[in-house]
>>> print(open('target31.txt').read())   # compact mmCIF, C-alpha atoms
# COMPACT_ATOMS: atom_id res chain seq x y z
CA MET A 48 74.07 63.76 75.77
CA VAL A 49 73.41 60.29 77.06
CA LEU A 50 70.25 59.86 79.10
CA ARG A 51 70.94 57.30 81.79
CA MET A 52 68.33 55.43 83.79
CA ARG A 53 68.34 56.28 87.47
CA TYR A 54 67.30 53.92 90.22
CA VAL A 55 66.62 54.79 93.83
CA ARG A 56 67.14 52.11 96.41
CA HIS A 57 66.32 52.26 100.11
CA ARG A 58 68.40 50.24 102.48
CA LEU A 59 69.46 50.45 106.11
CA PHE A 60 73.05 49.82 107.09
CA TRP A 61 74.12 50.09 110.68
CA VAL A 62 76.98 52.45 111.41
CA TRP A 63 79.22 49.55 112.42
CA ASP A 64 78.50 47.80 109.12
CA PHE A 65 79.91 50.63 107.01
CA ASP A 66 82.32 48.16 105.40
CA ARG A 67 79.40 45.95 104.34
CA GLU A 68 77.74 49.06 102.94
CA GLU A 69 80.84 49.88 100.93
CA LYS A 70 81.04 46.31 99.70
CA TRP A 71 77.40 46.42 98.59
CA LEU A 72 77.90 49.72 96.74
CA ASN A 73 80.88 48.24 94.89
CA GLU A 74 78.93 45.08 94.07
CA MET A 75 76.25 47.31 92.56
CA ALA A 76 78.93 49.15 90.62
CA ALA A 77 80.31 45.86 89.33
CA LYS A 78 76.83 45.04 88.02
CA GLY A 79 76.65 48.34 86.19
CA LEU A 80 74.77 50.48 88.71
CA GLN A 81 76.96 53.41 89.69
CA LEU A 82 76.20 55.40 92.83
CA THR A 83 75.53 59.05 92.04
CA ALA A 84 73.79 60.43 95.12
CA VAL A 85 73.11 59.53 98.74
CA GLY A 86 70.48 60.39 101.31
CA PHE A 87 69.36 58.92 104.63
CA CYS A 88 69.02 55.18 103.89
CA THR A 89 68.61 56.24 100.26
CA TYR A 90 70.94 55.45 97.38
CA THR A 91 70.58 56.78 93.85
CA PHE A 92 72.22 54.71 91.13
CA GLU A 93 72.79 55.46 87.49
CA GLU A 94 73.14 52.89 84.74
CA GLY A 95 76.70 52.75 83.58
CA GLY A 96 79.31 50.33 82.37
CA PRO A 97 79.93 47.28 84.60
CA GLY A 98 82.63 48.04 87.16
CA GLU A 99 83.06 51.60 86.01
CA TYR A 100 83.69 53.07 89.45
CA ASP A 101 85.23 52.27 92.82
CA ILE A 102 83.06 53.56 95.68
CA ARG A 103 84.46 54.48 99.08
CA LEU A 104 82.91 56.00 102.18
CA GLU A 105 84.32 57.55 105.33
CA LEU A 106 83.07 59.09 108.56
CA LEU A 107 84.52 62.58 108.53
CA GLU A 108 86.07 64.11 111.63
CA HIS A 109 83.85 67.17 111.36
CA SER A 110 80.59 68.07 109.71
CA PRO A 111 80.92 68.32 105.91
CA ALA A 112 79.95 71.98 106.08
CA CYS A 113 82.98 72.74 108.23
CA ALA A 114 86.18 74.23 106.76
CA GLU A 115 88.39 71.27 107.72
CA SER A 116 86.04 68.81 106.04
CA ALA A 117 85.79 71.01 102.96
CA ALA A 118 89.60 71.04 102.74
CA TYR A 119 89.72 67.25 103.10
CA ILE A 120 87.02 66.70 100.46
CA ARG A 121 88.80 69.08 98.10
CA PHE A 122 92.07 67.18 98.66
CA ILE A 123 90.41 63.85 97.82
CA GLU A 124 88.85 65.39 94.72
CA GLU A 125 92.25 66.66 93.63
CA THR A 126 93.50 63.08 93.51
CA GLY A 127 90.92 62.32 90.86
CA ALA A 128 87.95 61.17 92.91
CA GLU A 129 84.41 62.52 92.78
CA TYR A 130 82.59 63.59 95.94
CA LEU A 131 79.04 62.23 95.83
CA GLY A 132 77.71 63.91 98.97
CA SER A 133 77.24 63.13 102.65
CA VAL A 134 74.72 61.83 105.10
CA CYS A 135 75.52 63.54 108.40
CA ARG A 136 79.30 63.02 108.66
CA TRP A 137 79.43 60.07 106.27
CA ALA A 138 81.09 61.15 103.02
CA TYR A 139 80.83 59.13 99.82
CA PHE A 140 83.39 59.22 97.03
CA ARG A 141 83.84 57.45 93.74
CA LYS A 142 86.64 57.25 91.21
CA LYS A 143 86.76 55.75 87.76
CA LYS A 144 88.54 52.42 87.76
CA SER A 145 90.17 53.42 84.49
CA GLU A 146 91.95 56.21 86.35
CA GLY A 147 93.65 53.87 88.77
CA CYS A 148 93.08 52.09 92.02
CA PHE A 149 91.09 54.01 94.65
CA ASP A 150 91.29 53.59 98.39
CA LEU A 151 90.96 56.09 101.20
CA PHE A 152 93.18 54.19 103.62
CA SER A 153 96.33 52.30 102.76
CA ASP A 154 97.83 51.59 106.16
CA ILE A 155 96.68 50.19 109.47
CA ASP A 156 97.21 53.39 111.45
CA SER A 157 94.76 55.41 109.37
CA ARG A 158 92.25 52.55 109.41
CA ILE A 159 92.44 52.37 113.20
CA LYS A 160 92.03 56.14 113.42
CA HIS A 161 88.88 55.90 111.29
CA LEU A 162 87.46 53.03 113.35
CA ASN A 163 88.15 54.98 116.55
CA ARG A 164 86.17 57.85 115.13
CA ILE A 165 83.25 55.51 114.42
CA MET A 166 83.55 53.90 117.84
CA LEU A 167 83.35 57.32 119.48
CA LEU A 168 80.19 58.09 117.51
CA ILE A 169 78.59 54.83 118.63
CA LEU A 170 79.67 55.48 122.21
CA LEU A 171 78.10 58.94 122.23
CA VAL A 172 74.86 57.74 120.65
CA GLY A 173 74.79 54.82 123.07
CA LEU A 174 75.23 57.07 126.10
CA CYS A 175 72.49 59.38 124.81
CA GLU A 176 70.17 56.45 124.35
CA LEU A 177 71.01 55.11 127.80
CA PHE A 178 70.31 58.33 129.64
CA THR A 179 67.48 59.79 127.63
CA GLY A 180 65.79 56.74 126.07
CA VAL A 181 66.31 54.02 128.61
CA GLY A 182 66.47 56.33 131.61
CA ASN A 183 63.33 58.28 130.82
CA SER A 184 61.27 55.31 129.71
CA PHE A 185 62.26 53.53 132.91
CA ASN A 186 61.23 56.56 134.95
CA ILE A 187 57.90 56.79 133.19
CA TYR A 188 57.23 53.08 133.57
CA SER A 189 58.12 53.08 137.26
CA ARG A 190 55.54 55.80 137.81
CA ILE A 191 52.72 54.54 135.60
CA ARG A 192 52.94 50.83 135.08
CA SER A 193 50.92 50.67 131.89
CA PRO A 194 51.60 48.13 129.11
CA GLU A 195 52.40 50.99 126.69
CA ASN A 196 55.06 52.32 129.00
CA LEU A 197 56.54 48.86 129.37
CA VAL A 198 56.70 48.50 125.59
CA LEU A 199 58.40 51.86 125.36
CA PHE A 200 60.95 50.80 127.94
CA VAL A 201 61.59 47.50 126.16
CA LEU A 202 62.01 49.29 122.83
CA CYS A 203 64.46 51.79 124.25
CA SER A 204 66.41 49.07 126.01
CA SER A 205 66.53 46.95 122.86
CA LEU A 206 67.84 49.88 120.87
CA PHE A 207 70.45 50.46 123.53
CA LEU A 208 71.51 46.81 123.45
CA LEU A 209 71.76 46.96 119.68
CA ILE A 210 74.08 49.96 119.99
CA VAL A 211 76.17 48.09 122.58
CA TYR A 212 76.44 45.19 120.13
CA GLY A 213 77.60 47.58 117.41
CA PHE A 214 80.14 49.10 119.77
CA PHE A 215 81.71 45.70 120.43
CA ARG A 216 81.69 44.85 116.73
CA ILE A 217 83.82 47.93 116.00
CA LEU A 218 85.99 47.30 119.03
CA ALA A 219 86.71 43.79 117.73
CA LYS A 220 87.76 45.24 114.36
CA ILE A 221 90.10 47.68 116.11
CA ARG A 222 91.66 44.96 118.27
CA ARG A 223 92.28 42.81 115.22
CA LEU A 224 94.05 45.66 113.46
CA GLN A 225 96.07 46.56 116.54
CA LYS A 226 97.31 42.99 116.71
CA GLU A 227 98.37 43.15 113.08
CA ARG A 228 100.05 46.50 113.68
CA LYS A 229 102.47 44.86 116.07
CA LEU A 230 103.98 43.12 113.08
CA HIS A 231 103.76 45.62 110.26
CA GLU A 232 102.31 48.89 108.99
CA MET B 95 117.71 69.56 118.83
CA ASP B 96 115.99 66.36 119.83
CA GLN B 97 117.38 63.43 117.89
CA GLU B 98 114.51 61.03 118.05
CA ASN B 99 115.46 57.49 117.35
CA ILE B 100 112.04 56.54 116.19
CA ALA B 101 111.46 54.76 112.92
CA LEU B 102 109.47 56.71 110.41
CA THR B 103 106.68 54.95 108.60
CA GLU B 104 107.33 54.05 104.99
CA ALA B 105 104.70 56.56 103.92
CA VAL B 106 106.23 59.47 105.85
CA TYR B 107 109.75 58.67 104.66
CA TYR B 108 108.68 58.52 101.03
CA ILE B 109 106.59 61.68 101.37
CA LEU B 110 109.65 63.54 102.67
CA LEU B 111 111.70 62.23 99.76
CA SER B 112 109.10 63.22 97.20
CA LEU B 113 108.77 66.70 98.68
CA ARG B 114 112.40 67.68 98.10
CA THR B 115 110.76 69.84 95.46
CA PRO B 116 107.23 71.26 95.82
CA LEU B 117 104.46 68.90 94.83
CA HIS B 118 100.70 68.62 95.22
CA GLY B 119 98.79 65.70 96.74
CA TYR B 120 98.23 63.61 93.67
CA GLY B 121 101.77 64.26 92.52
CA ILE B 122 103.07 62.84 95.81
CA MET B 123 101.03 59.67 95.31
CA GLN B 124 102.35 59.23 91.77
CA LYS B 125 105.96 59.93 92.72
CA ILE B 126 105.89 57.39 95.56
CA GLU B 127 104.34 54.79 93.28
CA ALA B 128 107.19 55.44 90.83
CA PHE B 129 109.85 55.30 93.61
CA SER B 130 108.60 51.92 94.76
CA GLY B 131 107.92 50.46 91.34
CA GLY B 132 104.20 50.22 92.12
CA ARG B 133 104.68 48.54 95.49
CA VAL B 134 103.57 51.48 97.64
CA ARG B 135 100.20 52.89 96.66
CA LEU B 136 99.50 55.64 99.16
CA ALA B 137 95.77 56.23 99.56
CA ALA B 138 94.41 59.78 99.52
CA GLY B 139 92.97 59.67 103.03
CA THR B 140 96.14 58.21 104.53
CA LEU B 141 98.22 60.79 102.67
CA TYR B 142 96.07 63.63 103.98
CA GLY B 143 96.52 62.42 107.54
CA ALA B 144 100.28 62.07 107.11
CA LEU B 145 100.56 65.54 105.58
CA SER B 146 98.57 67.04 108.47
CA SER B 147 100.85 65.41 111.04
CA MET B 148 103.97 66.44 109.18
CA LEU B 149 102.71 70.02 108.90
CA GLU B 150 102.15 70.06 112.64
CA LYS B 151 105.64 68.70 113.23
CA GLY B 152 107.14 71.28 110.94
CA TRP B 153 108.63 68.69 108.59
CA ILE B 154 106.78 70.11 105.61
CA SER B 155 105.17 73.43 104.78
CA ALA B 156 102.22 74.26 102.58
CA LEU B 157 102.95 76.69 99.79
CA PRO B 158 100.44 79.52 99.42
CA GLY B 159 98.47 78.32 96.45
CA GLU B 160 96.98 80.60 93.86
CA SER B 161 93.27 80.83 94.63
CA GLY B 162 91.09 78.70 92.40
CA GLY B 163 92.61 76.33 89.88
CA ARG B 164 96.08 75.48 91.19
CA LYS B 165 96.22 72.57 93.62
CA LYS B 166 97.81 73.22 96.99
CA GLU B 167 101.49 72.25 97.06
CA TYR B 168 103.75 71.09 99.85
CA VAL B 169 107.51 71.09 100.31
CA ALA B 170 109.87 69.51 102.84
CA THR B 171 111.42 71.88 105.36
CA ALA B 172 114.99 71.72 106.63
CA SER B 173 113.92 69.74 109.68
CA GLY B 174 111.92 67.39 107.44
CA VAL B 175 114.96 66.74 105.29
CA ALA B 176 117.01 66.18 108.45
CA ALA B 177 114.45 63.65 109.69
CA ALA B 178 114.63 61.84 106.35
CA LYS B 179 118.45 61.78 106.45
CA ASN B 180 118.27 60.41 109.97
CA GLU B 181 115.92 57.72 108.75
CA LEU B 182 118.29 56.88 105.91
CA ARG B 183 121.05 56.33 108.46
CA ARG B 184 118.77 54.02 110.44
CA LEU B 185 117.80 52.11 107.31
CA ARG B 186 121.46 51.66 106.34
CA GLU B 187 122.10 50.07 109.71
CA LEU B 188 119.18 47.71 109.19
CA VAL B 189 120.36 46.80 105.68
CA ALA B 190 123.96 46.25 106.81
CA ASN B 191 122.94 43.86 109.55
CA GLY B 192 120.41 42.13 107.34
CA GLU B 193 122.97 41.52 104.60
CA LYS B 194 125.50 40.23 107.10
CA ILE B 195 123.18 37.78 108.79
CA LEU B 196 120.73 36.83 106.07
CA GLU B 197 122.98 36.95 103.03
CA GLY B 198 126.42 36.36 104.49
CA GLU B 199 127.92 32.89 104.69
>>> encode(input="target31.txt", output="structure tokens")
Amino acid sequence: MVLRMRYVRHRLFWVWDFDREEKWLNEMAAKGLQLTAVGFCTYTFEEGGPGEYDIRLELLEHSPACAESAAYIRFIEETGAEYLGSVCRWAYFRKKKSEGCFDLFSDIDSRIKHLNRIMLLILLVGLCELFTGVGNSFNIYSRIRSPENLVLFVLCSSLFLLIVYGFFRILAKIRRLQKERKLHE
Amino acid sequence: MDQENIALTEAVYYILLSLRTPLHGYGIMQKIEAFSGGRVRLAAGTLYGALSSMLEKGWISALPGESGGRKKEYVATASGVAAAKNELRRLRELVANGEKILEGE
């Protein structure tokens, strides 16, 4: 039995930068660090051969515990990929490069569908933040105009603006794909 | 019966062709890669989505798999085969016109 060194890395990727996250995970894999487990902003790598695996991630339609998600994960596994785990609805897979090319999406329609799913998530989180975070902190500040309450309001508003930025980033990706779709699949 | 004159996607057309006989997910991917000489590499997630839509449309049916072990298999239904034949007719028209205009004198 080979004992492989494990490394834990902590890194934050915004939801709308999931493609940069995937790129980073594959760059690590190319260097010889293969992803084996995931947690909230936590990645566990194992020392392996350089470029041993292809890593892919996807926002599932339903919670991974749900029957539909379980069926989907099982289907992906049946095509030769390994399910590494999930963080909320984000599922991570890997497949040995030696076993063939690995992608989750091969046409524009499924990519757009995935991006729409992500956009909806950002929209919901944004609306929550607007009504609870921004709304409440504004209420509190308008009643007691203390510096702490102002800071709270500014923080909540900044977070909201960040989410709005992310929303438009994903929207831009969708528009680009929709334009391409007019010409081909 | 509604004769839709809508073009099928390449993926759906090839899936229908490969499911003339029952096949499981990975088998479909391999068969399509063989059909197209490596040109079409259907990804697992895209395939899953296509299969779900086709199941809903009644173009394919899932075979009751043996629990544990055996992978779930799918097969084209009569209406699925009809849709593929319809598509073949449409493709022939496209090829005929293309050959006339692009390859004719």
>>> closest_residue(input="target31.txt", among="B:Tyr168, B:Phe129, B:Trp153, B:Tyr120", to="chain A", atoms="only C-alpha atoms")
B:Tyr120
>>> closest_atom_pairs(input="target31.txt", of="segment 141-195 of chain B", to="segment 119-140 of chain A", cutoff="9 Å", atoms="all atoms listed in the file", output="Markdown table")
| residue | atom | partner | partner_atom | distance |
| --- | --- | --- | --- | --- |
| B:Tyr142 | CA | A:Tyr119 | CA | 7.4 |
| B:Lys165 | CA | A:Glu125 | CA | 7.1 |
| B:Lys166 | CA | A:Phe122 | CA | 8.5 |
>>> residues_around(input="target31.txt", residues="Arg114 of chain B", least_positions_apart="6", cutoff="8 Å", atoms="all atoms listed in the file", output="list in words")
Val169, Ala170 and Val175 of chain B
>>> interface_residues(input="target31.txt", of="chain A", to="chain B", cutoff="6 Å", atoms="only C-alpha atoms", output="number ranges by chain")
A: 123, 126, 150-153, 157
>>> atom_distance(input="target31.txt", atom1="atom CA of Val49 of chain A", atom2="atom CA of Glu94 of chain A")
10.7 Å
>>> residues_around(input="target31.txt", residues="Leu218 of chain A", least_positions_apart="3", cutoff="10 Å", atoms="only C-alpha atoms", output="list in words")
Trp63, Leu162, Asn163, Ile165, Met166, Tyr212, Gly213, Phe214, Phe215, Ile221, Arg222, Arg223 and Leu224 of chain A
>>> atom_distance(input="target31.txt", atom1="atom CA of Lys144 of chain A", atom2="atom CA of Cys88 of chain A")
25.5 Å
>>> residues_around(input="target31.txt", residues="Glu181 of chain B", least_positions_apart="6", cutoff="9 Å", atoms="all atoms listed in the file", output="number ranges by chain")
B: 99-102, 107
